[in-house]
Amino acid sequence: MTEERLDPVRLSGWDFATWRAASEDPIMRSTMLGLLILECEPDWDRLVDRYERASRQVPILRQRIVEGPVPWANPRLVIDPDFDLSFHLRRFRMPAGSTWQDVLDECRRQSMSDFDRDRPLWKVTVLEGLPDGQAAVITKLHHAVADGQGAIQLGAALVDLSPEGFDLGPMPRAPRGEHISSLSFAELMVRDNVEWVLDTTRRVASGALPVAAQFLQDPGDAVRQLMQLGDSVLRFVRPPSAQLSPIMTGRSINYHYGAFQLPFEQIRSAAKSVGHSVNDAYLAAVAEGMGEYHRRQGAPVPQLNLNMPISLRKSDDFGQNAVTIAHFTVNTSAQDPVALMAEIGATVARWRAEPALGFADQLAEISRFIPFEIISSAATASDVTASNVPGPPVPVFLAGARVSQLVPLPPPIGAAVFVALLTYNGEATIGVAMDDKAVADHGMLMDCLRHGFARVTGAPVAEWNPLTGMPAPAPAKKAAPAKKAAPAKKPVAKK
């Protein structure tokens, strides 16, 4: 037997909310891109073989989304009976003289185009013929089937720790696909919804027993706990309703990408030296950068609305989303980076301690009954979204080619700006998506964000070109000479 049957999987509350938003409004499309820069062109046959193997081991690579007979029914992930790997893998040779901006432009075009919704929601494009024999791999993935950390986990099934790789054994059996009828879907919908209600009831009941006991022992304290939970739920379901930026007010389906890099140790040391986390320093740098952009535009603003994904992923979770969103304001006029880190750290700590955090998926489940206009308005009220995802701490290889850089390229998803940090092999790479109607000067915003990181770390952050100015990975102690070379950003940046 060469195939095995997998039952349809119910799209979780958060995934369904993401899918619904992307379906209702193109501004809310959530196409994640991961860009890999390779030191040489990958072995195409090995690459195809590796993706074939991964598609058999990681079901999401062969699953497509099937919607139900009624709009409020959770769609199902089912194995695509017409799965064709060649549709999802493609390669092109770039014209001679292609630049880093050409690569970013191709990423932009791919991100702004929607998926074929009758197929699994991913695509990989290999760009060959880049300077010095390098290649780029663009991985496109719908946010409804994986969050940032889930995408990293999916990628782990594809890379090796050496150019040669190791023997992976015989090819696993392929999952068997099948078409799902309306009647079959209705039966699944009834069964799964009953199971969801029973599971939710059990969770509520298991939580109610301690509360009931507490009520008998101390009624006043029990009532306070219930009121705190209610207030916490309201904070999650009532995000900001209006933007705070006076200039980043427009939203569109067009956006541009930018990216830069600095040694991860600079961020970690800046945070550790004053007793804060890397995430505190990261968000402080983003807040300072966004504040500087408004000051240079002649529209200083004291605060901005920020969305921050909070990971709920457990070690055994794989694929799909395990995340919720915290909504809060950040100070964009702070004079002291350390004080800003402390302020942000306290805010994030409060969100991570929210009692409603454990009910994040249940809250997402009820979003189907909220008019989409309200959801869209809440998303576009975000001035900036910032995420932070750890990547591999050591060099990895794809089909025999060493991965020199990993670049996160998120979609705005309603925000004016989305900033994503991804660490890889000692480097911190920041990818930025800028809505064209919200951000009048892309180059200025990128310069301001570099200013924000320089302010927090105390070290200059130069413009970055991984194709022509890519420094060889080196231990942190060798980073000092780069400071002298920083002024030599002239050949990279402004051309």
# chains A, B, ... in the order shown; residues from 1 in each chain; ligands from 1
>>> select_by_dssp(residues="segment 361-472 of chain A", states="strand (DSSP E or B)", output="number ranges by chain")
A: 384-390, 397-398, 401-409, 417-424, 427-435
>>> select_by_dssp(residues="segment 53-148 of chain A", states="alpha helix (DSSP H)", output="PyMOL selection string")
chain A and resi 53-57+85-88+100-112+148
>>> write_last_selection(atoms="C-alpha atoms", output="CSV table (one decimal), in the first residue's frame")
chain,number,residue,atom,x,y,z
A,53,ARG,CA,9.1,13.7,1.3
A,54,ALA,CA,8.0,16.7,3.4
A,55,SER,CA,4.6,16.8,1.8
A,56,ARG,CA,4.1,13.2,2.9
A,57,GLN,CA,5.3,13.8,6.5
A,85,LEU,CA,3.9,19.1,-6.5
A,86,SER,CA,5.1,20.7,-9.7
A,87,PHE,CA,2.4,23.4,-9.3
A,88,HIS,CA,3.9,24.4,-5.9
A,100,TRP,CA,18.6,42.9,-4.2
A,101,GLN,CA,15.8,45.3,-5.0
A,102,ASP,CA,14.8,43.0,-7.9
A,103,VAL,CA,14.5,40.2,-5.4
A,104,LEU,CA,12.4,42.3,-3.1
A,105,ASP,CA,10.2,43.4,-6.0
A,106,GLU,CA,9.5,39.7,-6.9
A,107,CYS,CA,8.7,39.0,-3.3
A,108,ARG,CA,6.3,42.0,-3.3
A,109,ARG,CA,4.5,40.7,-6.4
A,110,GLN,CA,4.1,37.3,-5.0
A,111,SER,CA,2.8,38.5,-1.6
A,112,MET,CA,0.2,40.8,-3.1
A,148,GLY,CA,5.5,32.5,12.0
>>> residues_around(residues="segment 401-409 of chain A", least_positions_apart="6", cutoff="7 Å", atoms="only C-alpha atoms", output="PyMOL selection string")
chain A and resi 32-42+163+395+420-422+424+429-433
>>> closest_residue(among="A:Thr457, A:Gln134, A:Ser377, A:Thr324", to="Val338 of chain A", atoms="only C-alpha atoms")
A:Thr457
>>> residues_around(residues="Pro337 of chain A", least_positions_apart="6", cutoff="8 Å", atoms="only C-alpha atoms", output="JSON, numbers by chain")
{"A": [284, 455, 456]}
>>> closest_residue(among="A:Trp44, A:Phe115, A:Tyr51, A:Phe260", to="Pro26 of chain A", atoms="only C-alpha atoms")
A:Phe115
>>> closest_residue(among="A:Gln63, A:Gln266, A:Asn254, A:Thr139", to="Gly426 of chain A", atoms="only C-alpha atoms")
A:Gln266
>>> closest_residue(among="A:Tyr257, A:Trp122, A:Tyr282, A:Trp14", to="Asp435 of chain A", atoms="only C-alpha atoms")
A:Tyr257
>>> atom_distance(atom1="atom CA of Tyr255 of chain A", atom2="atom CA of Pro411 of chain A")
8.2 Å
